[in-house]
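Shown here: query-v3.cif, mmCIF, C-alpha atoms.
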```cif
data_target
loop_
_atom_site.group_PDB
_atom_site.id
_atom_site.type_symbol
_atom_site.label_atom_id
_atom_site.label_comp_id
_atom_site.auth_asym_id
_atom_site.auth_seq_id
_atom_site.Cartn_x
_atom_site.Cartn_y
_atom_site.Cartn_z
ATOM 1 C CA MET E 1295 -17.480 -22.029 0.404
ATOM 2 C CA GLU E 1296 -18.601 -24.395 -2.357
ATOM 3 C CA ASP E 1297 -21.174 -21.898 -3.609
ATOM 4 C CA SER E 1298 -18.452 -19.254 -3.903
ATOM 5 C CA TYR E 1299 -15.941 -21.269 -5.942
ATOM 6 C CA ASP E 1300 -17.226 -20.341 -9.406
ATOM 7 C CA ILE E 1301 -17.582 -16.676 -8.459
ATOM 8 C CA PHE E 1302 -14.102 -16.556 -6.932
ATOM 9 C CA TYR E 1303 -12.548 -18.320 -9.920
ATOM 10 C CA ASP E 1304 -14.238 -16.000 -12.437
ATOM 11 C CA HIS E 1305 -13.159 -12.973 -10.409
ATOM 12 C CA MET E 1306 -9.511 -13.990 -10.528
ATOM 13 C CA LYS E 1307 -9.654 -14.368 -14.316
ATOM 14 C CA THR E 1308 -11.385 -11.013 -14.685
ATOM 15 C CA LEU E 1309 -8.847 -9.422 -12.351
ATOM 16 C CA ASP E 1310 -6.026 -10.647 -14.588
ATOM 17 C CA SER E 1311 -7.613 -8.967 -17.622
ATOM 18 C CA PHE E 1312 -8.383 -5.793 -15.652
ATOM 19 C CA LEU E 1313 -4.788 -5.417 -14.483
ATOM 20 C CA LYS E 1314 -3.373 -6.005 -17.968
ATOM 21 C CA VAL E 1315 -5.479 -3.358 -19.741
ATOM 22 C CA ASN E 1316 -4.640 -0.830 -17.029
ATOM 23 C CA GLY E 1317 -0.910 -1.511 -17.150
ATOM 24 C CA TYR E 1318 -0.426 -3.186 -13.782
ATOM 25 C CA VAL E 1319 1.728 -6.204 -12.990
ATOM 26 C CA ASN E 1320 -0.332 -9.181 -11.840
ATOM 27 C CA THR E 1321 1.732 -10.902 -9.175
ATOM 28 C CA ASN E 1322 -0.894 -13.584 -8.571
ATOM 29 C CA PRO E 1323 0.005 -17.131 -9.626
ATOM 30 C CA SER E 1324 -1.961 -18.977 -12.274
ATOM 31 C CA TYR E 1325 -5.124 -20.590 -10.951
ATOM 32 C CA GLU E 1326 -5.812 -22.615 -14.081
ATOM 33 C CA ASP E 1327 -6.675 -26.304 -13.655
ATOM 34 C CA LEU E 1328 -6.630 -26.193 -9.864
ATOM 35 C CA GLU E 1329 -9.112 -28.253 -7.926
ATOM 36 C CA GLN E 1330 -11.354 -26.330 -5.530
ATOM 37 C CA ASP E 1331 -9.362 -27.089 -2.366
ATOM 38 C CA GLU E 1332 -6.066 -26.254 -4.069
ATOM 39 C CA PHE E 1333 -7.553 -23.082 -5.505
ATOM 40 C CA PHE E 1334 -8.547 -21.684 -2.111
ATOM 41 C CA LYS E 1335 -5.275 -22.852 -0.573
ATOM 42 C CA LYS E 1336 -3.305 -21.004 -3.248
ATOM 43 C CA ILE E 1337 -5.361 -17.829 -2.789
ATOM 44 C CA LYS E 1338 -4.720 -17.853 0.956
ATOM 45 C CA GLU E 1339 -0.999 -18.545 0.509
ATOM 46 C CA THR E 1340 -0.686 -15.673 -1.965
ATOM 47 C CA PHE E 1341 -2.454 -13.275 0.366
ATOM 48 C CA MET E 1342 -0.533 -14.298 3.497
ATOM 49 C CA SER E 1343 2.818 -14.019 1.684
ATOM 50 C CA ASN E 1344 2.213 -10.301 1.100
ATOM 51 C CA LYS E 1345 3.143 -8.695 4.418
ATOM 52 C CA GLU E 1346 2.012 -5.223 3.330
ATOM 53 C CA LEU E 1347 -1.441 -6.567 2.483
ATOM 54 C CA VAL E 1348 -1.727 -8.550 5.714
ATOM 55 C CA ASP E 1349 -0.771 -5.470 7.733
ATOM 56 C CA VAL E 1350 -3.519 -3.267 6.239
ATOM 57 C CA ILE E 1351 -6.261 -5.915 6.114
ATOM 58 C CA LYS E 1352 -6.093 -7.138 9.666
ATOM 59 C CA ASP E 1353 -9.399 -8.884 10.209
ATOM 60 C CA LEU E 1354 -10.182 -11.757 7.843
ATOM 61 C CA LYS E 1355 -12.580 -13.630 10.098
ATOM 62 C CA LYS E 1356 -15.643 -11.845 8.761
ATOM 63 C CA ASP E 1357 -14.572 -11.619 5.130
ATOM 64 C CA TYR E 1358 -12.915 -14.565 3.378
ATOM 65 C CA ARG E 1359 -13.454 -12.740 0.088
ATOM 66 C CA ALA E 1360 -10.712 -10.319 1.128
ATOM 67 C CA LEU E 1361 -8.169 -13.056 0.355
ATOM 68 C CA MET E 1362 -8.677 -12.260 -3.331
ATOM 69 C CA SER E 1363 -7.594 -8.662 -2.721
ATOM 70 C CA GLY E 1364 -4.242 -7.326 -3.780
ATOM 71 C CA ILE E 1365 -1.886 -4.367 -4.166
ATOM 72 C CA PHE E 1366 -0.359 -4.087 -7.613
ATOM 73 C CA ASN E 1367 2.371 -1.875 -9.094
ATOM 74 C CA HIS E 1368 2.208 -0.243 -12.514
ATOM 75 C CA LYS E 1369 4.523 -1.666 -15.174
ATOM 76 C CA THR E 1370 6.019 1.604 -16.373
ATOM 77 C CA ILE E 1371 4.995 4.410 -14.002
ATOM 78 C CA PRO E 1372 6.996 4.476 -10.743
ATOM 79 C CA ASN E 1373 5.013 4.836 -7.514
ATOM 80 C CA LYS E 1374 1.708 4.209 -9.293
ATOM 81 C CA ARG E 1375 -0.185 1.486 -7.471
ATOM 82 C CA ILE E 1376 -3.699 0.132 -7.251
ATOM 83 C CA PHE E 1377 -5.563 -1.560 -4.406
ATOM 84 C CA VAL E 1378 -8.242 -4.068 -5.408
ATOM 85 C CA TYR E 1379 -10.546 -4.979 -2.523
ATOM 86 C CA PHE E 1380 -13.059 -7.823 -2.642
ATOM 87 C CA CYS E 1381 -15.484 -6.947 0.107
ATOM 88 C CA SER E 1382 -18.472 -8.784 1.545
ATOM 89 C CA THR E 1383 -21.387 -6.592 2.601
ATOM 90 C CA LEU E 1384 -23.830 -9.323 3.620
ATOM 91 C CA ASP E 1385 -24.810 -9.358 7.287
ATOM 92 C CA ASP E 1386 -22.849 -6.182 7.893
ATOM 93 C CA ASN E 1387 -23.214 -2.424 7.698
ATOM 94 C CA MET E 1388 -22.424 -1.451 4.108
ATOM 95 C CA THR E 1389 -21.309 2.063 4.970
ATOM 96 C CA SER E 1390 -18.833 0.774 7.546
ATOM 97 C CA ARG E 1391 -17.345 -1.654 5.009
ATOM 98 C CA VAL E 1392 -16.803 1.161 2.514
ATOM 99 C CA GLN E 1393 -15.207 3.234 5.252
ATOM 100 C CA GLU E 1394 -12.956 0.264 5.953
ATOM 101 C CA PHE E 1395 -11.967 0.121 2.269
ATOM 102 C CA LEU E 1396 -11.114 3.833 2.260
ATOM 103 C CA ARG E 1397 -9.145 3.468 5.485
ATOM 104 C CA ILE E 1398 -7.077 0.639 3.971
ATOM 105 C CA LEU E 1399 -6.529 2.580 0.745
ATOM 106 C CA CYS E 1400 -5.199 5.551 2.705
ATOM 107 C CA ASP E 1401 -2.862 3.278 4.669
ATOM 108 C CA ILE E 1402 -1.165 1.904 1.535
ATOM 109 C CA LYS E 1403 1.920 3.863 0.512
ATOM 110 C CA ASP E 1404 1.862 5.592 -2.906
ATOM 111 C CA CYS E 1405 -1.584 4.209 -3.702
ATOM 112 C CA LYS E 1406 -4.163 6.607 -5.131
ATOM 113 C CA ASN E 1407 -6.125 4.101 -7.224
ATOM 114 C CA GLY E 1408 -8.711 1.834 -5.686
ATOM 115 C CA VAL E 1409 -11.281 -0.732 -6.780
ATOM 116 C CA ILE E 1410 -13.952 -2.187 -4.517
ATOM 117 C CA ILE E 1411 -15.949 -5.261 -5.593
ATOM 118 C CA THR E 1412 -18.944 -6.063 -3.396
ATOM 119 C CA ASP E 1413 -21.405 -8.953 -3.358
ATOM 120 C CA ARG E 1414 -24.423 -6.650 -3.819
ATOM 121 C CA ASP E 1415 -25.314 -3.065 -4.658
ATOM 122 C CA LEU E 1416 -24.138 -0.539 -2.128
ATOM 123 C CA SER E 1417 -26.585 1.480 -0.075
ATOM 124 C CA SER E 1418 -27.011 5.189 -0.738
ATOM 125 C CA GLY E 1419 -25.018 5.944 2.402
ATOM 126 C CA ALA E 1420 -22.139 3.727 1.283
ATOM 127 C CA LYS E 1421 -22.085 5.320 -2.174
ATOM 128 C CA LYS E 1422 -22.038 8.750 -0.551
ATOM 129 C CA GLU E 1423 -18.910 7.756 1.378
ATOM 130 C CA LEU E 1424 -17.166 6.909 -1.898
ATOM 131 C CA ASN E 1425 -18.357 10.052 -3.655
ATOM 132 C CA ASN E 1426 -17.085 12.197 -0.787
ATOM 133 C CA VAL E 1427 -13.575 11.149 -1.773
ATOM 134 C CA LYS E 1428 -13.974 12.352 -5.355
ATOM 135 C CA ASP E 1429 -15.617 15.579 -6.387
ATOM 136 C CA TYR E 1430 -17.515 15.163 -9.660
ATOM 137 C CA ASN E 1431 -17.478 18.936 -10.129
ATOM 138 C CA CYS E 1432 -13.710 19.096 -9.816
ATOM 139 C CA PRO E 1433 -11.893 16.848 -12.337
ATOM 140 C CA ASP E 1434 -8.577 17.534 -10.590
ATOM 141 C CA SER E 1435 -9.845 15.577 -7.582
ATOM 142 C CA PHE E 1436 -9.592 12.428 -9.690
ATOM 143 C CA ASP E 1437 -5.835 12.991 -9.763
ATOM 144 C CA VAL E 1438 -5.861 12.501 -6.010
ATOM 145 C CA TYR E 1439 -7.945 9.322 -5.792
ATOM 146 C CA ASN E 1440 -9.380 7.354 -8.702
ATOM 147 C CA ILE E 1441 -11.898 4.911 -7.244
ATOM 148 C CA LYS E 1442 -14.093 2.486 -9.152
ATOM 149 C CA MET E 1443 -16.940 0.397 -7.775
ATOM 150 C CA PHE E 1444 -18.215 -2.984 -8.996
ATOM 151 C CA THR E 1445 -20.526 -5.722 -7.789
ATOM 152 C CA ASP E 1446 -20.125 -9.438 -8.461
ATOM 153 C CA LYS E 1447 -22.536 -9.069 -11.380
ATOM 154 C CA THR E 1448 -20.779 -6.084 -12.956
ATOM 155 C CA PHE E 1449 -17.135 -7.110 -12.478
ATOM 156 C CA ILE E 1450 -16.863 -8.937 -15.793
ATOM 157 C CA ASP E 1451 -14.201 -9.017 -18.488
ATOM 158 C CA ILE E 1452 -15.407 -6.698 -21.238
ATOM 159 C CA VAL E 1453 -12.125 -6.566 -23.159
ATOM 160 C CA ASN E 1454 -12.982 -9.274 -25.669
ATOM 161 C CA SER E 1455 -16.741 -8.839 -25.646
ATOM 162 C CA ASN E 1456 -18.456 -8.640 -29.031
ATOM 163 C CA PHE E 1457 -20.866 -6.119 -27.548
ATOM 164 C CA VAL E 1458 -18.181 -3.627 -26.485
ATOM 165 C CA PRO E 1459 -16.171 -1.526 -28.988
ATOM 166 C CA LYS E 1460 -12.426 -2.117 -29.007
ATOM 167 C CA VAL E 1461 -10.501 0.420 -26.926
ATOM 168 C CA LEU E 1462 -7.515 1.646 -28.930
ATOM 169 C CA LYS E 1463 -6.259 4.277 -26.497
ATOM 170 C CA ILE E 1464 -7.247 6.328 -23.494
ATOM 171 C CA MET E 1465 -5.792 9.809 -23.744
ATOM 172 C CA THR E 1466 -4.591 11.426 -20.570
ATOM 173 C CA ILE E 1467 -6.094 14.811 -19.681
ATOM 174 C CA GLU E 1468 -3.002 16.488 -21.153
ATOM 175 C CA GLU E 1469 -3.184 14.410 -24.350
ATOM 176 C CA ALA E 1470 -6.902 15.133 -24.635
ATOM 177 C CA LYS E 1471 -6.326 18.896 -24.409
ATOM 178 C CA LYS E 1472 -3.565 18.713 -27.035
ATOM 179 C CA PHE E 1473 -5.786 16.622 -29.325
ATOM 180 C CA CYS E 1474 -8.607 19.174 -29.121
ATOM 181 C CA ASP E 1475 -6.231 22.089 -29.690
ATOM 182 C CA GLU E 1476 -4.559 20.480 -32.702
ATOM 183 C CA ASN E 1477 -7.890 19.562 -34.259
ATOM 184 C CA ARG E 1478 -9.508 22.881 -33.321
ATOM 185 C CA ILE E 1479 -12.434 21.200 -31.639
ATOM 186 C CA LYS E 1480 -14.016 21.710 -28.238
ATOM 187 C CA ASN E 1481 -14.378 18.656 -26.048
ATOM 188 C CA THR E 1482 -18.057 19.560 -25.690
ATOM 189 C CA LYS E 1483 -18.502 18.746 -29.381
ATOM 190 C CA LEU E 1484 -17.234 15.179 -28.968
ATOM 191 C CA LEU E 1485 -19.411 12.216 -28.116
ATOM 192 C CA LYS E 1486 -19.656 11.873 -24.349
ATOM 193 C CA THR E 1487 -19.543 9.019 -21.905
ATOM 194 C CA ILE E 1488 -20.094 9.131 -18.151
ATOM 195 C CA VAL E 1489 -17.154 8.423 -15.859
ATOM 196 C CA ASP E 1490 -19.111 5.648 -14.090
ATOM 197 C CA ASP E 1491 -20.030 3.906 -17.358
ATOM 198 C CA PRO E 1492 -19.003 0.209 -17.236
ATOM 199 C CA LEU E 1493 -16.335 0.705 -19.918
ATOM 200 C CA CYS E 1494 -14.908 3.748 -18.122
ATOM 201 C CA SER E 1495 -14.858 1.831 -14.857
ATOM 202 C CA PHE E 1496 -13.071 -1.217 -16.282
ATOM 203 C CA TYR E 1497 -10.450 0.963 -17.952
ATOM 204 C CA MET E 1498 -10.105 3.277 -14.920
ATOM 205 C CA ALA E 1499 -10.981 6.320 -17.057
ATOM 206 C CA LYS E 1500 -11.195 9.727 -15.398
ATOM 207 C CA ILE E 1501 -13.036 12.944 -16.149
ATOM 208 C CA GLY E 1502 -11.239 14.755 -18.954
ATOM 209 C CA ASN E 1503 -9.898 11.624 -20.661
ATOM 210 C CA ILE E 1504 -10.744 10.901 -24.287
ATOM 211 C CA ILE E 1505 -11.384 7.247 -25.127
ATOM 212 C CA VAL E 1506 -10.492 6.225 -28.677
ATOM 213 C CA LEU E 1507 -12.732 3.357 -29.803
ATOM 214 C CA GLU E 1508 -12.961 1.189 -32.890
ATOM 215 C CA ARG E 1509 -16.460 -0.032 -33.580
ATOM 216 C CA GLU E 1510 -17.991 -2.091 -36.345
ATOM 217 C CA THR E 1511 -20.418 -0.317 -38.674
ATOM 218 C CA GLY E 1512 -21.431 -3.232 -40.897
ATOM 219 C CA ILE E 1513 -20.247 -5.364 -43.771
ATOM 220 C CA GLU E 1514 -19.844 -4.102 -47.323
ATOM 221 C CA SER E 1515 -18.743 -6.387 -50.186
ATOM 222 C CA ASN E 1516 -17.651 -9.031 -47.656
ATOM 223 C CA ILE E 1517 -15.377 -6.489 -45.967
ATOM 224 C CA LEU E 1518 -15.949 -5.564 -42.367
ATOM 225 C CA LYS E 1519 -16.324 -1.809 -42.041
ATOM 226 C CA THR E 1520 -15.046 -0.116 -38.891
ATOM 227 C CA GLN E 1521 -15.112 3.419 -37.540
ATOM 228 C CA ILE E 1522 -12.858 5.303 -35.117
ATOM 229 C CA VAL E 1523 -14.847 7.091 -32.421
ATOM 230 C CA TYR E 1524 -13.642 9.613 -29.844
ATOM 231 C CA LYS E 1525 -15.553 9.844 -26.564
ATOM 232 C CA TYR E 1526 -14.962 12.497 -23.939
ATOM 233 C CA VAL E 1527 -15.315 11.326 -20.334
ATOM 234 C CA THR E 1528 -17.616 13.631 -18.410
ATOM 235 C CA SER E 1529 -18.853 13.761 -14.841
ATOM 236 C CA MET E 1530 -22.627 13.747 -14.806
ATOM 237 C CA PRO E 1531 -25.372 12.538 -17.141
ATOM 238 C CA PHE E 1532 -25.726 14.986 -19.995
ATOM 239 C CA LYS E 1533 -29.049 16.581 -20.839
ATOM 240 C CA ARG E 1534 -30.594 16.863 -24.249
ATOM 241 C CA LYS E 1535 -31.107 20.349 -25.505
ATOM 242 C CA ASN E 1536 -34.686 21.450 -25.657
ATOM 243 C CA THR E 1537 -35.395 21.828 -29.363
ATOM 244 C CA SER E 1538 -39.124 22.322 -29.066
ATOM 245 C CA ARG E 1539 -40.511 25.507 -30.527
ATOM 246 C CA ARG E 1540 -43.128 27.631 -28.921
#
```
For this file, produce the structure as structure tokens.
Amino acid sequence: MEDSYDIFYDHMKTLDSFLKVNGYVNTNPSYEDLEQDEFFKKIKETFMSNKELVDVIKDLKKDYRALMSGIFNHKTIPNKRIFVYFCSTLDDNMTSRVQEFLRILCDIKDCKNGVIITDRDLSSGAKKELNNVKDYNCPDSFDVYNIKMFTDKTFIDIVNSNFVPKVLKIMTIEEAKKFCDENRIKNTKLLKTIVDDPLCSFYMAKIGNIIVLERETGIESNILKTQIVYKYVTSMPFKRKNTSRR
């Protein structure tokens, strides 16, 4: 338990940032300035007070991490919810734990958005279970379930990172189509980013979204120069065109 305190504490801070940028209400209490024992006591109390969560996550004996999990409602969109599941895969079958996550997600009413955070990289079989739920060749499938996967090492707050461009807006699929039509540009001509890119994952971006970024380009005459960039979210790694001549 002592070895997990720093990881657990960092996760709860990152979760707060993640929920805010995605428009969800964080119903967790503040964990600032709590001693270790009080911190874990508060986490358990918060979890046990949520009857819906207790009903869907029935077995906590093998996974104390699950106490950090939660179901959160969107601030402005009715019936839009997200399930965040902190799952331990050590000393257990990874595929079965992912199946458990999917089973819980399906049991939660009006919840089509899910996040799973594991303590290590998933096996190929476990990843296949997740990918079976979303079809990379069918963007509309992301309207059914939008699932993102993190590990302890990758679930970090990138919102205020100096190494990550500032996200100004994420256009919905409808907004992205309108933007391309109004500007007479094909989405294939825009810069591309993969749906499983860390930035796309943290901002719950889906295939067909356009991410509007502000990035620094340098300093000129003591004035910081910035540039607006539009990136189209695509499904699979894109290939370079073969420009070699015979």
*Which one is closest to E:Phe1457: E:Lys1374, E:Glu1510, E:Asp1490, E:Glu1423? Count only C-alpha atoms.*
E:Glu1510
_Please expand the PyMOL selection byres ((chain E and resi 1359) around 7) into the concrete residues it hits in this file, giving the result as a PyMOL selection string._
chain E and resi 1357-1358+1360-1362+1380-1382
*Just so the selection is clear, what residues does the PyMOL selection byres ((chain E and resi 1370) around 12) cover here, as JSON, numbers by chain?*
{"E": [1316, 1317, 1318, 1319, 1367, 1368, 1369, 1371, 1372, 1373, 1374, 1375]}
Could you take the residues named above and write them with C-alpha atoms, as a PDB file, in the frame of the given file?
```pdb
ATOM      1  CA  ASN E1316      -4.640  -0.830 -17.029  1.00  0.00           C
ATOM      2  CA  GLY E1317      -0.910  -1.511 -17.150  1.00  0.00           C
ATOM      3  CA  TYR E1318      -0.426  -3.186 -13.782  1.00  0.00           C
ATOM      4  CA  VAL E1319       1.728  -6.204 -12.990  1.00  0.00           C
ATOM      5  CA  ASN E1367       2.371  -1.875  -9.094  1.00  0.00           C
ATOM      6  CA  HIS E1368       2.208  -0.243 -12.514  1.00  0.00           C
ATOM      7  CA  LYS E1369       4.523  -1.666 -15.174  1.00  0.00           C
ATOM      8  CA  ILE E1371       4.995   4.410 -14.002  1.00  0.00           C
ATOM      9  CA  PRO E1372       6.996   4.476 -10.743  1.00  0.00           C
ATOM     10  CA  ASN E1373       5.013   4.836  -7.514  1.00  0.00           C
ATOM     11  CA  LYS E1374       1.708   4.209  -9.293  1.00  0.00           C
ATOM     12  CA  ARG E1375      -0.185   1.486  -7.471  1.00  0.00           C
TER      13      ARG E1375
END
```
*Determine, counting only C-alpha atoms, which protein, DNA and RNA residues have an atom within 7 Å of an atom of E:Tyr1524; residues of the same chain fewer than 4 positions away are not included. Present the result as a VMD selection string.*
chain E and resid 1484 to 1485 1504 to 1507
*So what does the PyMOL selection byres ((chain E and resi 1447-1453) around 10) actually pick up in this one, as a ChimeraX atom specification?*
/E:1301,1304-1305,1307-1312,1315,1410-1415,1443-1446,1454-1461,1492-1493,1495-1497
*Shell of 10 Å around E:Thr1466, only C-alpha atoms, local chain residues under 2 positions omitted, as a ChimeraX atom specification*: /E:1463-1464,1468-1472,1499-1505
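Between atom CA of E:Val1348 and atom CA of E:Leu1396 the interatomic distance comes to 15.9 Å.
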*Check the smallest atom-to-atom distance from each of E:Thr1511, E:Ser1363, E:Thr1482, E:Ser1298 to E:Asn1320 using only C-alpha atoms, then report the winner.*
E:Ser1363
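Between atom CA of E:Gln1393 and atom CA of E:Met1498 lies a distance of 20.8 Å.
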*What is the distance, in Å and to one decimal place, between atom CA of E:Thr1340 and atom CA of E:Asn1440?*
25.5 Å
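Among E:Asp1349, E:Lys1480, E:Leu1354, E:Tyr1299, the residue with the shortest atom-to-atom distance to E:Glu1332, counting all atoms listed in the file, is E:Tyr1299.
With only C-alpha atoms as the basis for measurement, E:Ile1365 is the residue among E:Ile1376, E:Leu1384, E:Ile1488, E:Ile1365 that approaches E:Glu1346 most closely.
The shortest atom-to-atom distance to E:Asp1491, with only C-alpha atoms taken into account, belongs to E:Lys1442 out of E:Lys1336, E:Leu1424, E:Ile1398, E:Lys1442.
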*Using only C-alpha atoms, pick whichever of E:Ile1351, E:Val1409, E:Met1342, E:Leu1399 has the shortest atom-to-atom distance to E:Val1378.*
E:Val1409
